[in-house]
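K.L.:
Structure: run.pdb, PDB, C-alpha atoms.
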```
ATOM      1  CA  MET A   8       0.000   0.000   0.000
ATOM      2  CA  ASP A   9       1.754   3.145  -1.248
ATOM      3  CA  THR A  10      -0.960   5.683  -0.401
ATOM      4  CA  MET A  11      -0.184   7.892   2.595
ATOM      5  CA  ILE A  12      -2.792   8.459   5.311
ATOM      6  CA  THR A  13      -2.730  11.970   6.750
ATOM      7  CA  LEU A  14      -4.443  13.678   9.638
ATOM      8  CA  ASN A  15      -6.557  15.631   7.146
ATOM      9  CA  ASP A  16      -7.948  12.330   5.901
ATOM     10  CA  LEU A  17      -8.938  11.453   9.442
ATOM     11  CA  LEU A  18     -10.606  14.808  10.072
ATOM     12  CA  ASN A  19     -12.540  14.769   6.812
ATOM     13  CA  ILE A  20     -15.906  13.635   8.173
ATOM     14  CA  ASP A  21     -19.369  15.210   8.106
ATOM     15  CA  TYR A  22     -19.727  16.658  11.601
ATOM     16  CA  ALA A  23     -23.382  17.534  11.055
ATOM     17  CA  SER A  24     -24.068  13.859  10.417
ATOM     18  CA  VAL A  25     -22.002  12.958  13.470
ATOM     19  CA  GLU A  26     -24.138  15.260  15.622
ATOM     20  CA  ASN A  27     -27.353  13.838  14.192
ATOM     21  CA  TYR A  28     -26.170  10.280  14.844
ATOM     22  CA  LEU A  29     -25.011  10.958  18.407
ATOM     23  CA  SER A  30     -28.041  13.107  19.240
ATOM     24  CA  ASN A  31     -30.383  10.313  18.224
ATOM     25  CA  PHE A  32     -28.249   7.915  20.249
ATOM     26  CA  LEU A  33     -28.497  10.052  23.400
ATOM     27  CA  LYS A  34     -32.237  10.547  22.975
ATOM     28  CA  SER A  35     -32.813   6.824  22.566
ATOM     29  CA  VAL A  36     -30.721   6.026  25.652
ATOM     30  CA  LEU A  37     -32.686   8.525  27.705
ATOM     31  CA  ARG A  38     -36.038   7.172  26.485
ATOM     32  CA  ALA A  39     -35.050   3.569  27.155
ATOM     33  CA  SER A  40     -33.793   4.365  30.661
ATOM     34  CA  ASN A  41     -36.817   6.499  31.573
ATOM     35  CA  LYS A  42     -34.443   8.904  33.305
ATOM     36  CA  LYS A  43     -34.835  12.665  33.535
ATOM     37  CA  GLY A  44     -31.593  13.741  31.891
ATOM     38  CA  PHE A  45     -27.821  13.670  32.163
ATOM     39  CA  VAL A  46     -25.347  14.769  34.814
ATOM     40  CA  ILE A  47     -21.830  15.403  33.516
ATOM     41  CA  GLY A  48     -18.511  16.427  34.980
ATOM     42  CA  VAL A  49     -17.246  19.513  33.140
ATOM     43  CA  SER A  50     -13.536  20.157  33.665
ATOM     44  CA  GLY A  51     -12.741  23.003  31.291
ATOM     45  CA  GLY A  52     -11.141  20.608  28.816
ATOM     46  CA  VAL A  53     -12.187  19.852  25.264
ATOM     47  CA  ASP A  54     -13.685  16.383  25.804
ATOM     48  CA  SER A  55     -16.075  17.338  28.594
ATOM     49  CA  ALA A  56     -16.946  20.596  26.839
ATOM     50  CA  THR A  57     -17.813  18.711  23.656
ATOM     51  CA  ALA A  58     -19.872  16.093  25.489
ATOM     52  CA  TYR A  59     -21.728  18.836  27.355
ATOM     53  CA  ALA A  60     -22.460  20.843  24.200
ATOM     54  CA  LEU A  61     -23.653  17.705  22.416
ATOM     55  CA  ALA A  62     -25.948  16.791  25.302
ATOM     56  CA  VAL A  63     -27.637  20.170  25.646
ATOM     57  CA  ARG A  64     -28.164  20.416  21.876
ATOM     58  CA  SER A  65     -29.565  16.881  21.865
ATOM     59  CA  VAL A  66     -31.907  16.650  24.847
ATOM     60  CA  GLY A  67     -32.304  20.285  25.915
ATOM     61  CA  VAL A  68     -30.257  22.386  28.299
ATOM     62  CA  GLU A  69     -32.862  21.971  31.035
ATOM     63  CA  ASN A  70     -32.164  18.224  31.076
ATOM     64  CA  VAL A  71     -28.393  18.458  31.612
ATOM     65  CA  LEU A  72     -26.648  19.312  34.881
ATOM     66  CA  ALA A  73     -22.935  20.166  34.860
ATOM     67  CA  LEU A  74     -20.786  19.473  37.900
ATOM     68  CA  ILE A  75     -17.492  21.352  38.064
ATOM     69  CA  MET A  76     -15.244  19.517  40.542
ATOM     70  CA  PRO A  77     -11.850  21.195  40.930
ATOM     71  CA  ASP A  78      -9.184  20.304  43.446
ATOM     72  CA  LYS A  79      -7.613  23.611  44.454
ATOM     73  CA  GLU A  80      -4.240  21.924  44.886
ATOM     74  CA  VAL A  81      -3.994  20.776  41.250
ATOM     75  CA  THR A  82      -6.724  22.445  39.164
ATOM     76  CA  PRO A  83      -5.787  25.765  37.493
ATOM     77  CA  SER A  84      -8.329  28.534  38.076
ATOM     78  CA  ARG A  85      -8.507  29.001  34.302
ATOM     79  CA  ASP A  86     -10.067  25.547  33.953
ATOM     80  CA  VAL A  87     -12.808  26.410  36.437
ATOM     81  CA  ASP A  88     -13.454  29.730  34.682
ATOM     82  CA  ASP A  89     -13.581  28.025  31.274
ATOM     83  CA  ALA A  90     -15.993  25.381  32.558
ATOM     84  CA  MET A  91     -18.351  27.942  34.064
ATOM     85  CA  GLU A  92     -18.186  30.142  30.970
ATOM     86  CA  LEU A  93     -19.006  27.176  28.750
ATOM     87  CA  VAL A  94     -22.138  26.259  30.707
ATOM     88  CA  LYS A  95     -23.231  29.885  30.873
ATOM     89  CA  ARG A  96     -22.804  30.210  27.103
ATOM     90  CA  PHE A  97     -25.394  27.460  26.635
ATOM     91  CA  GLY A  98     -27.634  28.832  29.377
ATOM     92  CA  GLY A  99     -27.208  25.730  31.505
ATOM     93  CA  ARG A 100     -27.174  24.775  35.170
ATOM     94  CA  TYR A 101     -23.999  23.977  37.069
ATOM     95  CA  GLU A 102     -22.677  23.406  40.565
ATOM     96  CA  VAL A 103     -19.070  23.826  41.700
ATOM     97  CA  ILE A 104     -17.868  21.224  44.205
ATOM     98  CA  GLU A 105     -14.300  21.684  45.462
ATOM     99  CA  ILE A 106     -12.918  18.221  46.273
ATOM    100  CA  SER A 107      -9.582  18.834  48.012
ATOM    101  CA  GLY A 108     -11.148  18.381  51.461
ATOM    102  CA  ILE A 109     -12.615  15.034  50.380
ATOM    103  CA  VAL A 110      -9.232  13.916  49.032
ATOM    104  CA  HIS A 111      -7.524  14.790  52.315
ATOM    105  CA  SER A 112     -10.216  12.948  54.269
ATOM    106  CA  PHE A 113      -9.366   9.800  52.339
ATOM    107  CA  ILE A 114      -5.620  10.257  52.904
ATOM    108  CA  GLU A 115      -6.086  10.804  56.643
ATOM    109  CA  LYS A 116      -8.065   7.571  56.979
ATOM    110  CA  MET A 117      -5.668   5.357  55.013
ATOM    111  CA  PRO A 118      -2.433   4.362  56.810
ATOM    112  CA  LEU A 119      -0.544   3.713  53.573
ATOM    113  CA  ALA A 120      -1.557   7.054  52.042
ATOM    114  CA  SER A 121      -0.609   8.975  55.158
ATOM    115  CA  ARG A 122       2.854   7.343  55.174
ATOM    116  CA  ARG A 123       3.643   7.496  51.459
ATOM    117  CA  ILE A 124       1.900   9.569  48.799
ATOM    118  CA  ASP A 125       1.828   7.830  45.417
ATOM    119  CA  ARG A 126       1.166  10.466  42.746
ATOM    120  CA  THR A 127      -0.611   8.148  40.333
ATOM    121  CA  ALA A 128      -2.717   6.485  43.021
ATOM    122  CA  LEU A 129      -3.675   9.880  44.430
ATOM    123  CA  GLY A 130      -4.547  11.181  40.968
ATOM    124  CA  ASN A 131      -6.762   8.178  40.316
ATOM    125  CA  LEU A 132      -8.380   8.715  43.716
ATOM    126  CA  ARG A 133      -9.378  12.209  42.584
ATOM    127  CA  ALA A 134     -10.998  10.752  39.465
ATOM    128  CA  ARG A 135     -12.874   8.165  41.537
ATOM    129  CA  ILE A 136     -14.075  10.772  44.020
ATOM    130  CA  ARG A 137     -15.516  12.734  41.114
ATOM    131  CA  MET A 138     -17.220   9.564  39.884
ATOM    132  CA  CYS A 139     -18.826   9.051  43.316
ATOM    133  CA  ILE A 140     -20.131  12.614  43.336
ATOM    134  CA  LEU A 141     -21.545  12.267  39.812
ATOM    135  CA  TYR A 142     -23.394   9.098  40.763
ATOM    136  CA  TYR A 143     -24.693  10.646  43.985
ATOM    137  CA  TYR A 144     -26.263  13.417  41.942
ATOM    138  CA  ALA A 145     -27.466  11.007  39.255
ATOM    139  CA  ASN A 146     -29.147   8.758  41.821
ATOM    140  CA  SER A 147     -30.662  11.684  43.710
ATOM    141  CA  LEU A 148     -31.998  13.419  40.597
ATOM    142  CA  ASP A 149     -32.966  10.274  38.635
ATOM    143  CA  MET A 150     -30.459  11.026  35.882
ATOM    144  CA  LEU A 151     -27.743   9.195  33.956
ATOM    145  CA  VAL A 152     -24.009   9.934  34.161
ATOM    146  CA  LEU A 153     -22.745  11.139  30.796
ATOM    147  CA  GLY A 154     -19.175  10.155  29.983
ATOM    148  CA  THR A 155     -16.692  12.488  28.339
ATOM    149  CA  GLY A 156     -13.947  10.131  27.127
ATOM    150  CA  ASP A 157     -12.890  10.096  23.478
ATOM    151  CA  ARG A 158     -12.009   7.079  21.326
ATOM    152  CA  SER A 159      -8.251   7.668  21.462
ATOM    153  CA  GLU A 160      -8.029   7.606  25.239
ATOM    154  CA  TYR A 161     -10.542   4.778  25.552
ATOM    155  CA  LEU A 162      -8.580   2.540  23.183
ATOM    156  CA  ILE A 163      -5.174   3.115  24.777
ATOM    157  CA  GLY A 164      -6.576   2.904  28.300
ATOM    158  CA  TYR A 165      -5.759   6.497  29.171
ATOM    159  CA  PHE A 166      -8.499   6.875  31.753
ATOM    160  CA  THR A 167      -9.058   5.873  35.364
ATOM    161  CA  LYS A 168     -10.771   2.532  35.812
ATOM    162  CA  TYR A 169     -13.921   3.157  37.879
ATOM    163  CA  GLY A 170     -13.097   6.857  37.736
ATOM    164  CA  ASP A 171     -13.795   8.821  34.557
ATOM    165  CA  GLY A 172     -14.246   5.425  32.896
ATOM    166  CA  ALA A 173     -17.268   4.662  35.094
ATOM    167  CA  VAL A 174     -20.257   6.180  33.297
ATOM    168  CA  ASP A 175     -23.677   5.198  31.962
ATOM    169  CA  VAL A 176     -23.238   6.388  28.404
ATOM    170  CA  ALA A 177     -20.129   7.470  26.461
ATOM    171  CA  PRO A 178     -21.029   9.133  23.149
ATOM    172  CA  LEU A 179     -17.579  10.456  22.214
ATOM    173  CA  THR A 180     -15.981   7.008  22.064
ATOM    174  CA  VAL A 181     -16.685   7.034  18.313
ATOM    175  CA  LEU A 182     -14.381  10.032  17.762
ATOM    176  CA  PHE A 183     -10.609  10.264  18.032
ATOM    177  CA  LYS A 184      -9.168  13.161  20.040
ATOM    178  CA  THR A 185      -8.271  15.150  16.932
ATOM    179  CA  GLN A 186     -11.821  14.655  15.607
ATOM    180  CA  VAL A 187     -13.286  15.747  18.939
ATOM    181  CA  ARG A 188     -11.477  19.071  18.645
ATOM    182  CA  ARG A 189     -12.959  19.622  15.186
ATOM    183  CA  PHE A 190     -16.406  18.516  16.430
ATOM    184  CA  ALA A 191     -16.097  20.931  19.365
ATOM    185  CA  GLU A 192     -15.607  23.815  16.959
ATOM    186  CA  TYR A 193     -18.692  22.727  15.029
ATOM    187  CA  LEU A 194     -20.769  22.621  18.246
ATOM    188  CA  GLY A 195     -19.753  26.121  19.308
ATOM    189  CA  VAL A 196     -17.312  25.310  22.095
ATOM    190  CA  PRO A 197     -15.118  28.370  22.850
ATOM    191  CA  LYS A 198     -11.800  28.470  21.005
ATOM    192  CA  SER A 199      -9.924  28.804  24.301
ATOM    193  CA  ILE A 200     -11.118  25.312  25.238
ATOM    194  CA  VAL A 201     -10.783  23.772  21.778
ATOM    195  CA  GLU A 202      -7.106  24.719  21.572
ATOM    196  CA  LYS A 203      -6.188  24.000  25.196
ATOM    197  CA  PRO A 204      -3.628  21.186  25.644
ATOM    198  CA  SER A 205      -5.309  18.035  26.931
ATOM    199  CA  SER A 206      -4.831  17.284  30.623
ATOM    200  CA  PRO A 207      -6.536  14.952  33.104
ATOM    201  CA  ARG A 208      -5.425  17.394  35.856
ATOM    202  CA  LEU A 209      -4.816  14.551  38.299
ATOM    203  CA  TRP A 210      -1.701  16.280  39.660
ATOM    204  CA  GLN A 211       0.011  19.646  39.246
ATOM    205  CA  ASN A 212       1.095  20.536  35.702
ATOM    206  CA  HIS A 213      -0.325  17.274  34.405
ATOM    207  CA  LEU A 214      -0.348  17.281  30.587
ATOM    208  CA  ALA A 215      -1.593  14.287  28.601
ATOM    209  CA  GLU A 216       0.855  14.295  25.686
ATOM    210  CA  GLU A 217       3.765  14.878  28.051
ATOM    211  CA  GLU A 218       2.795  11.862  30.159
ATOM    212  CA  LEU A 219       2.083   9.701  27.118
ATOM    213  CA  GLY A 220       5.244  10.748  25.316
ATOM    214  CA  MET A 221       3.278  10.916  22.054
ATOM    215  CA  ARG A 222       1.139  13.343  20.082
ATOM    216  CA  TYR A 223      -2.557  12.633  19.663
ATOM    217  CA  GLU A 224      -2.137  13.220  15.943
ATOM    218  CA  ASP A 225       0.145  10.175  15.810
ATOM    219  CA  ILE A 226      -1.909   8.078  18.216
ATOM    220  CA  ASP A 227      -5.045   8.655  16.154
ATOM    221  CA  LEU A 228      -3.405   7.768  12.858
ATOM    222  CA  VAL A 229      -1.999   4.539  14.273
ATOM    223  CA  LEU A 230      -5.290   3.439  15.827
ATOM    224  CA  PHE A 231      -7.226   4.276  12.667
ATOM    225  CA  ALA A 232      -4.775   2.412  10.445
ATOM    226  CA  PHE A 233      -4.765  -0.671  12.679
ATOM    227  CA  LEU A 234      -8.403  -0.918  13.762
ATOM    228  CA  ASP A 235     -10.414   0.739  10.984
ATOM    229  CA  LEU A 236      -8.266   0.008   7.952
ATOM    230  CA  GLY A 237      -7.002  -3.327   9.257
ATOM    231  CA  LEU A 238      -3.431  -2.714   8.095
ATOM    232  CA  PRO A 239      -0.631  -5.057   9.153
ATOM    233  CA  VAL A 240       1.527  -3.567  11.881
ATOM    234  CA  ASN A 241       4.632  -3.411   9.664
ATOM    235  CA  GLN A 242       2.793  -1.275   7.098
ATOM    236  CA  ILE A 243       1.535   1.347   9.541
ATOM    237  CA  PRO A 244       4.795   3.369   9.824
ATOM    238  CA  VAL A 245       5.051   3.433   6.024
ATOM    239  CA  VAL A 246       1.541   4.738   5.311
ATOM    240  CA  THR A 247       1.241   7.098   8.292
ATOM    241  CA  ALA A 248       4.819   8.437   8.587
ATOM    242  CA  VAL A 249       4.580   7.679  12.311
ATOM    243  CA  SER A 250       7.771   6.187  13.716
ATOM    244  CA  ASP A 251       7.992   2.470  14.341
ATOM    245  CA  ASN A 252       8.593   3.065  18.050
ATOM    246  CA  VAL A 253       5.416   5.125  18.418
ATOM    247  CA  VAL A 254       3.377   2.566  16.473
ATOM    248  CA  LYS A 255       4.592  -0.197  18.770
ATOM    249  CA  LYS A 256       3.901   1.885  21.881
ATOM    250  CA  VAL A 257       0.342   2.767  20.815
ATOM    251  CA  LEU A 258      -0.510  -0.834  19.975
ATOM    252  CA  GLN A 259       1.081  -2.096  23.188
ATOM    253  CA  MET A 260      -1.081   0.328  25.184
ATOM    254  CA  TYR A 261      -4.116  -0.815  23.218
ATOM    255  CA  SER A 262      -3.542  -4.488  23.982
ATOM    256  CA  SER A 263      -2.448  -4.099  27.605
ATOM    257  CA  SER A 264      -5.463  -1.932  28.517
ATOM    258  CA  LEU A 265      -8.080  -4.445  27.388
ATOM    259  CA  HIS A 266      -8.986  -5.165  31.019
ATOM    260  CA  LYS A 267     -10.077  -1.532  31.412
ATOM    261  CA  ARG A 268     -12.567  -1.850  28.551
ATOM    262  CA  VAL A 269     -14.117  -5.245  29.249
ATOM    263  CA  GLY A 270     -15.126  -4.600  32.843
ATOM    264  CA  VAL A 271     -14.919  -7.197  35.586
ATOM    265  CA  ILE A 272     -13.022 -10.303  34.449
ATOM    266  CA  MET A 273     -14.868 -13.398  35.664
ATOM    267  CA  PRO A 274     -14.145 -17.106  35.277
ATOM    268  CA  ASP A 275     -16.522 -19.403  33.418
ATOM    269  CA  ALA A 276     -19.008 -20.844  35.918
ATOM    270  CA  ARG A 277     -19.558 -24.087  33.996
ATOM    271  CA  PRO A 278     -16.595 -26.034  35.451
ATOM    272  CA  VAL A 279     -18.035 -25.335  38.918
ATOM    273  CA  THR A 280     -21.689 -26.056  38.095
ATOM    274  CA  GLN A 281     -21.530 -28.782  35.466
ATOM    275  CA  THR A 282     -21.553 -31.703  37.936
ATOM    276  CA  LEU A 283     -24.323 -30.076  39.938
ATOM    277  CA  VAL A 284     -26.381 -29.454  36.788
ATOM    278  CA  SER A 285     -25.846 -33.022  35.596
ATOM    279  CA  ASN A 286     -26.946 -34.470  38.951
ATOM    280  CA  ILE A 287     -30.069 -32.306  39.148
ATOM    281  CA  LEU A 288     -31.102 -33.014  35.547
ATOM    282  CA  SER A 289     -30.658 -36.732  36.223
ATOM    283  CA  LYS A 290     -32.831 -36.395  39.316
ATOM    284  CA  ILE A 291     -35.543 -34.590  37.286
ATOM    285  CA  ARG A 292     -35.499 -37.252  34.579
ATOM    286  CA  LYS A 293     -35.868 -40.023  37.130
ATOM    287  CA  ALA A 294     -38.796 -38.227  38.768
ATOM    288  CA  ASP A 295     -40.537 -37.836  35.401
ATOM    289  CA  ALA A 296     -39.970 -41.495  34.413
TER     290      ALA A 296
END
```
Since I need it in another form, could you write the structure as structure tokens?
P.N.:
Amino acid sequence: MDTMITLNDLLNIDYASVENYLSNFLKSVLRASNKKGFVIGVSGGVDSATAYALAVRSVGVENVLALIMPDKEVTPSRDVDDAMELVKRFGGRYEVIEISGIVHSFIEKMPLASRRIDRTALGNLRARIRMCILYYYANSLDMLVLGTGDRSEYLIGYFTKYGDGAVDVAPLTVLFKTQVRRFAEYLGVPKSIVEKPSSPRLWQNHLAEEELGMRYEDIDLVLFAFLDLGLPVNQIPVVTAVSDNVVKKVLQMYSSSLHKRVGVIMPDARPVTQTLVSNILSKIRKADA
């Protein structure tokens, strides 16, 4: 295959059709669940802003509640301002819940955490605290939790298991990160958010591409070439101009994060029950004879 695949090829989709498809999806989920709307965590980043804009345009701003959950020790004030401005632009409802006190309550109650702070574990704790708050509101208000993750981060496992990965519905998992940015523009998300570097904000100065050691432009091309085009691994560097090392890293992250996408891993029950089932069926047959 001599044809090169570029980022422009990946971004060349009909975003009006994407909105129509995802809007119908969200409406159908809401009807089937018989819930009153969606609650969503809005961080000031592009993914949550896009998911929020999509939701309010799909099911009505009155049916979407935004929760802004900064931790004053790691969340820049600009993110909080951007999140509030976004919701106000759409005329929506929001609540700000500062979580640093909750985080410290956890640390104080856990002997290991009080002795040794693990940055990654603490960052994931923040994500899981936010998940708990979202579900408290969802349960109390008879709503669903709307996820904000994009396809890129979902496929490489760049999310917190049972944190931001724990949601009821995840509409943006059909769009790569670079496509989400273009979709955000289409939906009217402010430019300051669209162009902001991606960051989970799980610790101070936390930037996604810096932690990953890769650009989303490259990640998206590799995933598209491998999963959507079905290209052999050795062809991907040739047709995407992404280095062999990056291709291998993306695909390794994809394969090693499977456990985060499949949910709880359970053994097959049949080896445990097969003798029991056989004995009971034999008993039933004898009784019917």
K.L.:
Record the distance separating CA of Thr57 (chain A) and CA of Val181 (chain A), expressed in Å with one decimal.
P.N.:
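Computed distance, CA of Thr57 (chain A) to CA of Val181 (chain A), equals 12.9 Å.
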K.L.:
What's around Ile12 (chain A) at 9 Å? Count all atoms listed in the file, leave out sequence neighbours fewer than 6 positions away in its own chain, and write the answer as an MDAnalysis selection string.
P.N.:
chainID A and resid 228 232 246:248
K.L.:
Which residues, named as in the file, does the PyMOL selection byres ((chain A and resi 47) around 8) pick out? Answer as a ChimeraX atom specification.
P.N.:
/A:45-46,48-49,55,59,71-74,141,152-155
K.L.:
Those residues you just picked out, can you put them in a file as a PDB file, keeping the file's coordinate frame with C-alpha atoms?
P.N.:
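Below is the file that was written, selection08.pdb:
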```pdb
ATOM      1  CA  PHE A  45     -27.821  13.670  32.163  1.00  0.00           C
ATOM      2  CA  VAL A  46     -25.347  14.769  34.814  1.00  0.00           C
ATOM      3  CA  GLY A  48     -18.511  16.427  34.980  1.00  0.00           C
ATOM      4  CA  VAL A  49     -17.246  19.513  33.140  1.00  0.00           C
ATOM      5  CA  SER A  55     -16.075  17.338  28.594  1.00  0.00           C
ATOM      6  CA  TYR A  59     -21.728  18.836  27.355  1.00  0.00           C
ATOM      7  CA  VAL A  71     -28.393  18.458  31.612  1.00  0.00           C
ATOM      8  CA  LEU A  72     -26.648  19.312  34.881  1.00  0.00           C
ATOM      9  CA  ALA A  73     -22.935  20.166  34.860  1.00  0.00           C
ATOM     10  CA  LEU A  74     -20.786  19.473  37.900  1.00  0.00           C
ATOM     11  CA  LEU A 141     -21.545  12.267  39.812  1.00  0.00           C
ATOM     12  CA  VAL A 152     -24.009   9.934  34.161  1.00  0.00           C
ATOM     13  CA  LEU A 153     -22.745  11.139  30.796  1.00  0.00           C
ATOM     14  CA  GLY A 154     -19.175  10.155  29.983  1.00  0.00           C
ATOM     15  CA  THR A 155     -16.692  12.488  28.339  1.00  0.00           C
TER      16      THR A 155
END
```
K.L.:
For Ser107 (chain A), which of A:Thr82, A:Asn131, A:Thr280, A:Asn15 is the closest residue, counting all atoms listed in the file?
P.N.:
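So, comparing all the options, the nearest one is A:Thr82.
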K.L.:
Name the residues that the PyMOL selection byres ((chain A and resi 250-266) around 8) pulls out of this structure, and write them as an MDAnalysis selection string.
P.N.:
chainID A and resid 162:164 221 225:226 229:230 240 243:244 248:249 267:272
K.L.:
For Arg189 (chain A), find every residue with an atom within 10 Å (counting all atoms listed in the file), except residues of its own chain fewer than 6 positions away, and show them as a list in words.
P.N.:
Leu18, Asn19, Ile20, Tyr22, Thr57, Val196 and Val201 of chain A
K.L.:
Create the file for the chosen residues now, containing C-alpha atoms and written as a compact mmCIF listing (two decimals), keeping the file's coordinate frame.
P.N.:
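Generated output (out33.txt):
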```
# COMPACT_ATOMS: atom_id res chain seq x y z
CA LEU A 18 -10.61 14.81 10.07
CA ASN A 19 -12.54 14.77 6.81
CA ILE A 20 -15.91 13.64 8.17
CA TYR A 22 -19.73 16.66 11.60
CA THR A 57 -17.81 18.71 23.66
CA VAL A 196 -17.31 25.31 22.10
CA VAL A 201 -10.78 23.77 21.78
```
K.L.:
Calculated over all atoms listed in the file, which of the candidates A:Pro77, A:Met138, A:Asp86, A:Thr13 has the smallest distance to Ser199 (chain A)?
P.N.:
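With all atoms listed in the file as the atom set, the closest residue is A:Asp86.
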K.L.:
Which residue is closest to Gln186 (chain A)? Choose from A:Phe233, A:Arg137, A:Val284, A:Val53 and count only C-alpha atoms.
P.N.:
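That would be A:Val53, the residue with the smallest distance to Gln186 (chain A).
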